[in-house]
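Asker: Supplied in structure tokens, the structure appears directly below.
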2 protein chains.
Amino acid sequence: QHSSKYILLWSAEIGNSCRIFIFGCVHRGRPEPLDLHLGMFLPTLLNQSSPAQLEAFFMPAWNLEIIGTYAQTEMGHGTHIRGLETTATYDPSTQEFVLNSPTISSIKWWPGGLGKTSNHAIVLAQLYTQGKCHGLHAFITPIRCMKTHMPLPGVVVGDIGPKFGFDEVDNGYLKLENVRIPRENMLMKYAKVEPDGTYVKPPSDKLTYGTMVFIRSMIVGESARALSKSCTIAIRYSAVRHQSELRPGEPEPQILDYQAQQYKLFPLLATAYAFHFVGQYMSKTYHRISGDINQGDFSELPELHALSAGLKAFTTWVANAGIEVCRMSCGGHGYSRCSSLPDIYVTFTPTCTYEGENTVMMLQTARYLVKSYKQARAGQQLTGIVSYLNEPQSRIQPHSVSSRPTVININDLASLVEAYKFRAAKLVEMAAKNLQAELQHSKSNEDAWNNNSIDLVRASDAHCHYVVVKLFAAKLSEIGDTAVHSVLSTLALLYALHGVALSSGDFLQAGLLTVPQLAQISQRLKGLLSELRPNAVALVDAFDYRDEMLNSALGRYDGNVYEHMFEWAKRSPLNQTEVHESHHKYLKPLRSKL
Amino acid sequence: QHSSKYILLWSAEIGNSCRIFIFGCVHRGRPEPLDLHLGMFLPTLLNQSSPAQLEAFFMPAWNLEIIGTYAQTEMGHGTHIRGLETTATYDPSTQEFVLNSPTISSIKWWPGGLGKTSNHAIVLAQLYTQGKCHGLHAFITPIRCMKTHMPLPGVVVGDIGPKFGFDEVDNGYLKLENVRIPRENMLMKYAKVEPDGTYVKPPSDKLTYGTMVFIRSMIVGESARALSKSCTIAIRYSAVRHQSELRPGEPEPQILDYQAQQYKLFPLLATAYAFHFVGQYMSKTYHRISGDINQGDFSELPELHALSAGLKAFTTWVANAGIEVCRMSCGGHGYSRCSSLPDIYVTFTPTCTYEGENTVMMLQTARYLVKSYKQARAGQQLTGIVSYLNEPQSRIQPHSVSSRPTVININDLASLVEAYKFRAAKLVEMAAKNLQAELQHSKSNEDAWNNNSIDLVRASDAHCHYVVVKLFAAKLSEIGDTAVHSVLSTLALLYALHGVALSSGDFLQAGLLTVPQLAQISQRLKGLLSELRPNAVALVDAFDYRDEMLNSALGRYDGNVYEHMFEWAKRSPLNQTEVHESHHKYLKPLRSKL
């Protein structure tokens, strides 16, 4: 929730009629101090204010008189938001809420723009009124003086210090000591506290649920963008860079001609395409389902919730590791910020943690899968993406290899999609059965769940992998141009086979593969790399990132890498003077002491 | 070679008698501008100077009048040093060398301390004399005026700009335009150029070879240190952090009690111990073999060379990914530099690239393995660590699972060591056979080699993995204390089994494992995690890093994480004033324009 990243793109509704999307930002792809104001503060005002609150707060916020952030995470609590400790206690005598940070771990921590930029924060706090706690609610809390910008009495606010990245953002802390705000500052579109302190429950909590799903779905697209940018830089550079001798006496080859380099980059290229198509699907599905939701039909939301949680984790983990593979495939120069790869990494890597920590996300998806599996076993007919769990159990039991032919044809994408499906079914079944077995020994359901987390995460991972392969294959049928279809088919086959090779144990275990096929897959992968080599640069050019977007000397479209590295280096801050001050300040005095 | 990292530890010989080790550094574990002076310039002077050169240069350098660096890498050439383009052409009329950077790609790039700090550089250049090129030689080149510190005529020098890390170091560029240096500035302990331009060959090149092996061996220990520091931070923090509900109504558990968290961290803890023992072995072996070398016995050097190359790559890749797993296992706070994990990562990750790019290193090891395999097939009896390739071929052929009992007993470490050995043998054999088969289709040996790089890297990886498991198991026999022996045995078993689970396809393919054993391994791994849980904090405490070394609010020995995060944040540069200048400078003017 405290990412300043997703907020480049936000959606808000006023009275279910007007939908606003803001896509632009000043520095493309870079975080900024106002991201939380634009991406969370304004939309939350729009979504959760009463009409009177909208009247009072929206225009000043739109005009940047009020600059706000969204203060949810605390030092001691992130993904598990029910555990937040900040309190807002209603005082009917003055009709005010009194906000407090009762412990050190309750200090708000991480909200973007909180440290120095914002004069307001929407503070998530446990609401107490008439002696009872009613759980988390949101409070518009002034934190700095509108004239002097000094912190208000009772407000301890500041920057949380240097981070891996996000240098541009003053992620902040906020400690509240008996800070009083008017009753009208609680966001009251749904829940309310009446002047006498009576609490009025919200009619439904499903709209907040929808926002969370929306943001996680968007992150899938973000994974595709980060990885496709990284592939563009690494593959273009690998076509420019020459190194070593392949054949004695001949010129040094492009490093893209090395099979080991292709093996690093082409599966990632295929992954970037796969995630791009999955991102499109998630976006389309979200908008379709949110149409249904507006008409009161919530039936597809649980599936989308489970899918968005798992795919958020699956794609961010893969993209995160992939960016670093791209960076290191550029050798030493990848380590220079002129490559842009270090910046892409430090800006992207928080997606593995925010909007729901990835392992927690995988376990949420697993909960849905196990529940669906049980329903199917109980005779319910599942629909949607988990319908494969309907298949009769015998189909997905392990077979000794000799007793039936394998299902995989390693040259046929449809057959591979089937294999991924059976693998997922097998791993979901194993996790559910282990859970069942564990229940005999464990003190509680919760202990049994915890004692099977490894299996559960593995099942989710296999489910997500299946979805990605399936959507990639489905996309091919939409492509009319035969040349484009051909090269994308090669990419899809590479994506699918590479995944089988990496998790071959799973496929062997599920009886979907024979041992001799492993060697065939290795050989086929080498063939696919060679097939892709001539198209590799065109395939990254097709992502269509302008040089200004990539901001990378290594990834330039024109290939003039070395000239631009040199120009870039000359502009280094240390080069502003020929003799740096450190020479006079440190080295000369040190020398005189020896 | 341009790492400023290893240089904390350097070894140099004066006349084979006096050996100097410098272990200390001003800021523990952090790079510094003088690292290259201390770690490369001084040792190279000591190792490669003639007595007259030592006389002239060493004391001024020791007293920091001369501050030097080691300028090898060029913009266009890193690991493949034969491709370096800088030239040093001897002019007998003035008895000088004329140094030039003939192309933009020949500009020296990356040497630490080159940009702003150094006034001299040892420049690696292609030596031309009497119209002939004699390959790379080293030249002491003054680059800045000893009085004013201004660049000398013909010298274009500066900082290469911001990087992922190493902010403290002015990695630099150096362009040489007809820079003339006296003949006496070529390092002439071995090769020489006489006044008339006659070139005198060096008697042997094996000493340089030795230095390279030494540094790579040391990097293995560095992998252990970086990973053990990261594990210390993440495991201590996971014992302090409480999150979510495991059992309803009970307090939030320590996150170290979650199986998913244990599964992230305990295999890495086991790996840190494994690499620690491998590091000790490499250091001991290096010193034993370099003793032999001093007595003219080079027989073990090729094996050590192959082993140090492969293990450098194997351990740095694993540690590199492991540091990031540790960071992300700390949730959002891992992203703050108060955790120290971002700094550990950006300082460590260059080890994957420098001192020989990892994939190139793996292929060097593969070359030794394939050569050894062929020797064994030709009837030669191999000794040392590759002696497993002597085993009769039938032993290492795949068997159908039913035809013989599997060799693995998953509870017996010795049996697992055997399995890793047979897996390595199998993959070396496959790579060698594929290479042989490819030779029928390929234009040349080199093409065949390139077209099998994936298999070759995989074989090297399996070989290194075997060595690590074997050395870990061997270490256990040295441990007398039964309690320590017991917990380290558990760690060793976890390390070995976790590796089998991750590469289960290999073990199944080699007929070393049956499909039903996969499920047994999964269950056994869960058991090992529980067994280790009570000892996890003690096992990281045993690495014995003082708080000053870790420099991490999350990894503190006393566990007072939140208090110290808050103290650390208050000292953020942005908090020097309550109202940051950006408020007046940017926000107010922006607001007035709306």
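Starting from 1 in every chain, residues are counted up; chains themselves are A, B, ... following the order of the structure tokens, and ligands are numbered from 1 as listed.
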Would you give me, as JSON lines, each residue of chain A having an atom within 7 Å of an atom of chain B, along with its shortest atom pair and that distance in Å to one decimal, using only C-alpha atoms and sorting by chain and residue number?

Answerer:
{"residue": "A:Asn63", "atom": "CA", "partner": "B:Leu594", "partner_atom": "CA", "distance": 6.4}
{"residue": "A:Leu64", "atom": "CA", "partner": "B:Arg591", "partner_atom": "CA", "distance": 5.9}
{"residue": "A:Glu65", "atom": "CA", "partner": "B:Arg591", "partner_atom": "CA", "distance": 6.9}
{"residue": "A:His77", "atom": "CA", "partner": "B:Gln243", "partner_atom": "CA", "distance": 6.9}
{"residue": "A:His80", "atom": "CA", "partner": "B:Ser244", "partner_atom": "CA", "distance": 5.4}
{"residue": "A:Ile104", "atom": "CA", "partner": "B:Tyr562", "partner_atom": "CA", "distance": 6.8}
{"residue": "A:Ser105", "atom": "CA", "partner": "B:Tyr562", "partner_atom": "CA", "distance": 6.4}
{"residue": "A:Lys116", "atom": "CA", "partner": "B:His580", "partner_atom": "CA", "distance": 6.3}
{"residue": "A:Thr117", "atom": "CA", "partner": "B:His583", "partner_atom": "CA", "distance": 6.9}
{"residue": "A:His149", "atom": "CA", "partner": "B:Val579", "partner_atom": "CA", "distance": 6.4}
{"residue": "A:Met150", "atom": "CA", "partner": "B:Val579", "partner_atom": "CA", "distance": 6.2}
{"residue": "A:Gly158", "atom": "CA", "partner": "B:Asn575", "partner_atom": "CA", "distance": 6.1}
{"residue": "A:Asp159", "atom": "CA", "partner": "B:Asn575", "partner_atom": "CA", "distance": 6.2}
{"residue": "A:Ile160", "atom": "CA", "partner": "B:Ala569", "partner_atom": "CA", "distance": 4.5}
{"residue": "A:Gly161", "atom": "CA", "partner": "B:Ser572", "partner_atom": "CA", "distance": 4.6}
{"residue": "A:Pro162", "atom": "CA", "partner": "B:Arg337", "partner_atom": "CA", "distance": 5.8}
{"residue": "A:Lys163", "atom": "CA", "partner": "B:Ser336", "partner_atom": "CA", "distance": 4.3}
{"residue": "A:Phe164", "atom": "CA", "partner": "B:Pro342", "partner_atom": "CA", "distance": 5.5}
{"residue": "A:Gln243", "atom": "CA", "partner": "B:His80", "partner_atom": "CA", "distance": 6.7}
{"residue": "A:Ser244", "atom": "CA", "partner": "B:His80", "partner_atom": "CA", "distance": 5.4}
{"residue": "A:Leu246", "atom": "CA", "partner": "B:Glu446", "partner_atom": "CA", "distance": 5.9}
{"residue": "A:Arg247", "atom": "CA", "partner": "B:Glu446", "partner_atom": "CA", "distance": 5.8}
{"residue": "A:Tyr258", "atom": "CA", "partner": "B:Asn450", "partner_atom": "CA", "distance": 6.3}
{"residue": "A:Gln259", "atom": "CA", "partner": "B:Asn450", "partner_atom": "CA", "distance": 6.0}
{"residue": "A:Ala260", "atom": "CA", "partner": "B:Ser453", "partner_atom": "CA", "distance": 5.7}
{"residue": "A:Gly331", "atom": "CA", "partner": "B:Thr353", "partner_atom": "CA", "distance": 6.0}
{"residue": "A:Gly332", "atom": "CA", "partner": "B:Thr353", "partner_atom": "CA", "distance": 6.2}
{"residue": "A:Tyr335", "atom": "CA", "partner": "B:Phe164", "partner_atom": "CA", "distance": 5.6}
{"residue": "A:Ser336", "atom": "CA", "partner": "B:Lys163", "partner_atom": "CA", "distance": 4.3}
{"residue": "A:Arg337", "atom": "CA", "partner": "B:Lys163", "partner_atom": "CA", "distance": 4.8}
{"residue": "A:Pro342", "atom": "CA", "partner": "B:Phe164", "partner_atom": "CA", "distance": 5.5}
{"residue": "A:Thr353", "atom": "CA", "partner": "B:Gly331", "partner_atom": "CA", "distance": 6.0}
{"residue": "A:Glu446", "atom": "CA", "partner": "B:Arg247", "partner_atom": "CA", "distance": 5.8}
{"residue": "A:Asn450", "atom": "CA", "partner": "B:Gln259", "partner_atom": "CA", "distance": 6.0}
{"residue": "A:Asn451", "atom": "CA", "partner": "B:Gln259", "partner_atom": "CA", "distance": 6.1}
{"residue": "A:Ser453", "atom": "CA", "partner": "B:Ala260", "partner_atom": "CA", "distance": 5.7}
{"residue": "A:Ile454", "atom": "CA", "partner": "B:Ala260", "partner_atom": "CA", "distance": 5.9}
{"residue": "A:Ser504", "atom": "CA", "partner": "B:Gly505", "partner_atom": "CA", "distance": 4.9}
{"residue": "A:Gly505", "atom": "CA", "partner": "B:Gly505", "partner_atom": "CA", "distance": 4.3}
{"residue": "A:Gln509", "atom": "CA", "partner": "B:Val515", "partner_atom": "CA", "distance": 5.5}
{"residue": "A:Val515", "atom": "CA", "partner": "B:Gln509", "partner_atom": "CA", "distance": 5.5}
{"residue": "A:Tyr562", "atom": "CA", "partner": "B:Ser105", "partner_atom": "CA", "distance": 6.5}
{"residue": "A:Ala569", "atom": "CA", "partner": "B:Ile160", "partner_atom": "CA", "distance": 4.5}
{"residue": "A:Ser572", "atom": "CA", "partner": "B:Gly161", "partner_atom": "CA", "distance": 4.5}
{"residue": "A:Leu574", "atom": "CA", "partner": "B:Asp159", "partner_atom": "CA", "distance": 6.2}
{"residue": "A:Asn575", "atom": "CA", "partner": "B:Gly158", "partner_atom": "CA", "distance": 6.1}
{"residue": "A:Glu578", "atom": "CA", "partner": "B:Met150", "partner_atom": "CA", "distance": 6.5}
{"residue": "A:Val579", "atom": "CA", "partner": "B:Met150", "partner_atom": "CA", "distance": 6.2}
{"residue": "A:His580", "atom": "CA", "partner": "B:Lys116", "partner_atom": "CA", "distance": 6.3}
{"residue": "A:His583", "atom": "CA", "partner": "B:Thr117", "partner_atom": "CA", "distance": 6.9}
{"residue": "A:Arg591", "atom": "CA", "partner": "B:Leu64", "partner_atom": "CA", "distance": 6.0}
{"residue": "A:Leu594", "atom": "CA", "partner": "B:Asn63", "partner_atom": "CA", "distance": 6.4}

Asker: Within segment 219-462 of chain A, find each residue whose DSSP state, derived from the backbone, is alpha helix (DSSP H), and express the selection as a PyMOL selection string.

Answerer: chain A and resi 219-240+259-294+301-329+341-348+358-377+413-441+445-450+453-462

Asker: Generate the output file for the selected residues, C-alpha atoms, as a short mmCIF file (atom, residue, chain, number, x, y, z; two decimals), in the first residue's frame.

Answerer:
data_model
loop_
_atom_site.label_atom_id
_atom_site.label_comp_id
_atom_site.auth_asym_id
_atom_site.auth_seq_id
_atom_site.Cartn_x
_atom_site.Cartn_y
_atom_site.Cartn_z
CA ILE A 219 1.84 -5.29 -10.74
CA VAL A 220 1.83 -8.24 -13.15
CA GLY A 221 2.10 -5.72 -15.99
CA GLU A 222 4.83 -3.93 -14.08
CA SER A 223 6.81 -7.21 -13.94
CA ALA A 224 6.51 -7.46 -17.72
CA ARG A 225 7.73 -3.87 -18.18
CA ALA A 226 10.71 -4.15 -15.83
CA LEU A 227 11.82 -7.42 -17.39
CA SER A 228 11.28 -6.31 -20.98
CA LYS A 229 13.29 -3.13 -20.37
CA SER A 230 16.11 -5.17 -18.85
CA CYS A 231 16.05 -7.63 -21.76
CA THR A 232 16.13 -4.75 -24.23
CA ILE A 233 19.25 -3.33 -22.62
CA ALA A 234 21.05 -6.66 -22.23
CA ILE A 235 20.22 -8.06 -25.66
CA ARG A 236 21.07 -4.87 -27.55
CA TYR A 237 24.33 -4.57 -25.63
CA SER A 238 25.14 -8.23 -26.30
CA ALA A 239 24.88 -7.49 -30.01
CA VAL A 240 27.29 -4.55 -29.65
CA GLN A 259 25.24 -20.17 -26.37
CA ALA A 260 25.76 -19.49 -22.66
CA GLN A 261 24.73 -15.85 -23.17
CA GLN A 262 21.68 -16.89 -25.22
CA TYR A 263 20.74 -19.33 -22.48
CA LYS A 264 20.77 -16.50 -19.94
CA LEU A 265 18.81 -14.01 -22.02
CA PHE A 266 16.41 -15.75 -24.42
CA PRO A 267 14.38 -17.56 -21.77
CA LEU A 268 14.01 -14.18 -20.04
CA LEU A 269 12.96 -12.60 -23.31
CA ALA A 270 10.31 -15.31 -23.66
CA THR A 271 9.27 -14.67 -20.06
CA ALA A 272 8.92 -10.94 -20.71
CA TYR A 273 6.54 -11.70 -23.59
CA ALA A 274 4.65 -14.23 -21.47
CA PHE A 275 4.20 -11.74 -18.63
CA HIS A 276 3.15 -9.06 -21.09
CA PHE A 277 0.28 -11.25 -22.27
CA VAL A 278 -0.62 -12.23 -18.70
CA GLY A 279 -0.65 -8.55 -17.74
CA GLN A 280 -3.05 -7.81 -20.60
CA TYR A 281 -5.26 -10.67 -19.46
CA MET A 282 -5.30 -9.52 -15.83
CA SER A 283 -6.18 -5.99 -16.81
CA LYS A 284 -8.98 -7.15 -19.10
CA THR A 285 -10.29 -9.60 -16.53
CA TYR A 286 -10.23 -7.00 -13.77
CA HIS A 287 -12.27 -4.59 -15.82
CA ARG A 288 -14.75 -7.25 -16.86
CA ILE A 289 -15.22 -8.44 -13.29
CA SER A 290 -15.39 -4.95 -11.83
CA GLY A 291 -18.21 -4.30 -14.29
CA ASP A 292 -20.00 -7.30 -12.77
CA ILE A 293 -19.22 -6.02 -9.27
CA ASN A 294 -20.81 -2.68 -10.04
CA LEU A 301 -14.02 -11.97 -7.28
CA PRO A 302 -12.58 -14.84 -5.15
CA GLU A 303 -10.96 -16.43 -8.21
CA LEU A 304 -9.54 -13.11 -9.37
CA HIS A 305 -8.34 -12.40 -5.84
CA ALA A 306 -6.50 -15.72 -5.68
CA LEU A 307 -5.11 -15.34 -9.18
CA SER A 308 -3.90 -11.78 -8.66
CA ALA A 309 -2.18 -12.70 -5.38
CA GLY A 310 -0.35 -15.68 -6.86
CA LEU A 311 0.55 -14.05 -10.17
CA LYS A 312 1.76 -10.93 -8.38
CA ALA A 313 4.19 -13.11 -6.43
CA PHE A 314 5.09 -15.42 -9.31
CA THR A 315 5.83 -12.67 -11.83
CA THR A 316 7.64 -10.31 -9.44
CA TRP A 317 9.95 -13.03 -8.17
CA VAL A 318 10.82 -14.18 -11.66
CA ALA A 319 11.25 -10.65 -13.01
CA ASN A 320 13.28 -9.62 -9.96
CA ALA A 321 15.81 -12.40 -10.46
CA GLY A 322 15.70 -11.87 -14.23
CA ILE A 323 16.71 -8.20 -14.01
CA GLU A 324 19.84 -9.21 -12.14
CA VAL A 325 20.64 -11.91 -14.70
CA CYS A 326 20.34 -9.24 -17.40
CA ARG A 327 22.56 -6.88 -15.43
CA MET A 328 25.27 -9.48 -14.85
CA SER A 329 25.09 -10.63 -18.48
CA LEU A 341 19.98 -1.80 -14.77
CA PRO A 342 20.86 -1.06 -11.12
CA ASP A 343 18.10 1.58 -11.09
CA ILE A 344 15.56 -0.74 -12.68
CA TYR A 345 16.37 -3.34 -10.03
CA VAL A 346 16.19 -1.18 -6.93
CA THR A 347 12.98 0.45 -8.16
CA PHE A 348 11.36 -2.88 -9.03
CA ASN A 358 5.11 -12.66 -1.92
CA THR A 359 5.17 -15.76 0.27
CA VAL A 360 1.98 -14.61 2.00
CA MET A 361 0.47 -14.08 -1.46
CA MET A 362 1.42 -17.60 -2.56
CA LEU A 363 -0.17 -19.00 0.57
CA GLN A 364 -3.38 -17.03 -0.10
CA THR A 365 -3.58 -18.59 -3.54
CA ALA A 366 -2.86 -21.98 -2.01
CA ARG A 367 -5.81 -21.53 0.35
CA TYR A 368 -8.07 -21.04 -2.66
CA LEU A 369 -6.55 -24.03 -4.46
CA VAL A 370 -6.94 -26.37 -1.50
CA LYS A 371 -10.49 -25.20 -0.94
CA SER A 372 -11.30 -25.76 -4.63
CA TYR A 373 -9.65 -29.17 -4.55
CA LYS A 374 -11.81 -30.18 -1.59
CA GLN A 375 -14.93 -28.92 -3.33
CA ALA A 376 -14.09 -30.94 -6.42
CA ARG A 377 -13.44 -34.05 -4.33
CA LEU A 413 2.85 -26.43 -27.09
CA ALA A 414 -0.67 -27.71 -26.45
CA SER A 415 0.80 -30.89 -25.02
CA LEU A 416 3.09 -28.86 -22.79
CA VAL A 417 0.16 -26.79 -21.54
CA GLU A 418 -1.51 -30.07 -20.58
CA ALA A 419 1.63 -31.20 -18.79
CA TYR A 420 1.77 -27.97 -16.77
CA LYS A 421 -1.87 -28.49 -15.92
CA PHE A 422 -1.34 -32.03 -14.64
CA ARG A 423 1.73 -30.97 -12.75
CA ALA A 424 -0.27 -28.26 -10.98
CA ALA A 425 -3.10 -30.71 -10.27
CA LYS A 426 -0.61 -33.20 -8.89
CA LEU A 427 1.08 -30.67 -6.62
CA VAL A 428 -2.24 -29.27 -5.36
CA GLU A 429 -3.34 -32.80 -4.60
CA MET A 430 -0.09 -33.61 -2.81
CA ALA A 431 -0.32 -30.44 -0.73
CA ALA A 432 -3.95 -31.15 0.17
CA LYS A 433 -3.18 -34.75 1.10
CA ASN A 434 -0.16 -33.80 3.18
CA LEU A 435 -2.32 -31.23 4.92
CA GLN A 436 -4.87 -33.93 5.68
CA ALA A 437 -2.19 -36.27 6.99
CA GLU A 438 -0.62 -33.55 9.07
CA LEU A 439 -3.93 -32.83 10.75
CA GLN A 440 -3.64 -36.19 12.51
CA HIS A 441 -0.48 -35.04 14.30
CA ASN A 445 -5.61 -26.55 11.53
CA GLU A 446 -3.23 -23.62 11.73
CA ASP A 447 -0.29 -25.76 12.80
CA ALA A 448 -1.02 -28.24 10.04
CA TRP A 449 -1.18 -25.40 7.55
CA ASN A 450 2.14 -23.97 8.74
CA SER A 453 3.74 -24.27 3.80
CA ILE A 454 6.55 -25.50 1.56
CA ASP A 455 4.17 -27.81 -0.31
CA LEU A 456 1.48 -25.15 -0.45
CA VAL A 457 3.79 -22.52 -1.93
CA ARG A 458 5.03 -25.08 -4.42
CA ALA A 459 1.47 -25.90 -5.48
CA SER A 460 0.65 -22.21 -5.97
CA ASP A 461 3.79 -21.73 -7.96
CA ALA A 462 2.88 -24.64 -10.26
#

Asker: Point out the residue among A:Phe41, A:Tyr90, A:Tyr199, A:Tyr495 with the least atom-to-atom distance to Thr69 of chain A, counting only C-alpha atoms.

Answerer: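 Result for the nearest residue to Thr69 of chain A: A:Phe41.
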
Asker: Fewer than 2 positions away in the same chain doesn't count, so skip those; otherwise give me all residues within 7 Å of segment 179-196 of chain A, counting only C-alpha atoms, as a count of residues only.

Answerer: 23

Asker: Counting only C-alpha atoms, what is within 9 Å of Ala71 of chain B, bar same-chain residues fewer than 4 positions away, as a PDB file with C-alpha atoms, in the first residue's frame?

Answerer:
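This went into selection-v8.pdb:
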ATOM      1  CA  GLN B   1      41.640  -7.454 -10.984  1.00  0.00           C
ATOM      2  CA  HIS B   2      39.858  -4.194 -10.449  1.00  0.00           C
ATOM      3  CA  LYS B 108      41.098   2.097 -19.432  1.00  0.00           C
ATOM      4  CA  TRP B 109      37.852   1.741 -17.480  1.00  0.00           C
ATOM      5  CA  TRP B 110      36.967   0.671 -13.903  1.00  0.00           C
ATOM      6  CA  PRO B 111      40.314   0.689 -12.040  1.00  0.00           C
ATOM      7  CA  GLY B 112      39.611   1.728  -8.447  1.00  0.00           C
ATOM      8  CA  LEU B 114      42.045   5.908 -10.870  1.00  0.00           C
ATOM      9  CA  ALA B 121      49.020   3.721 -12.670  1.00  0.00           C
ATOM     10  CA  ILE B 122      50.518   0.391 -13.610  1.00  0.00           C
ATOM     11  CA  VAL B 123      49.189   0.250 -17.152  1.00  0.00           C
ATOM     12  CA  LEU B 124      48.792  -3.082 -18.947  1.00  0.00           C
ATOM     13  CA  TYR B 173      38.918   6.061 -16.915  1.00  0.00           C
ATOM     14  CA  LEU B 174      42.278   6.752 -18.511  1.00  0.00           C
TER      15      LEU B 174
END
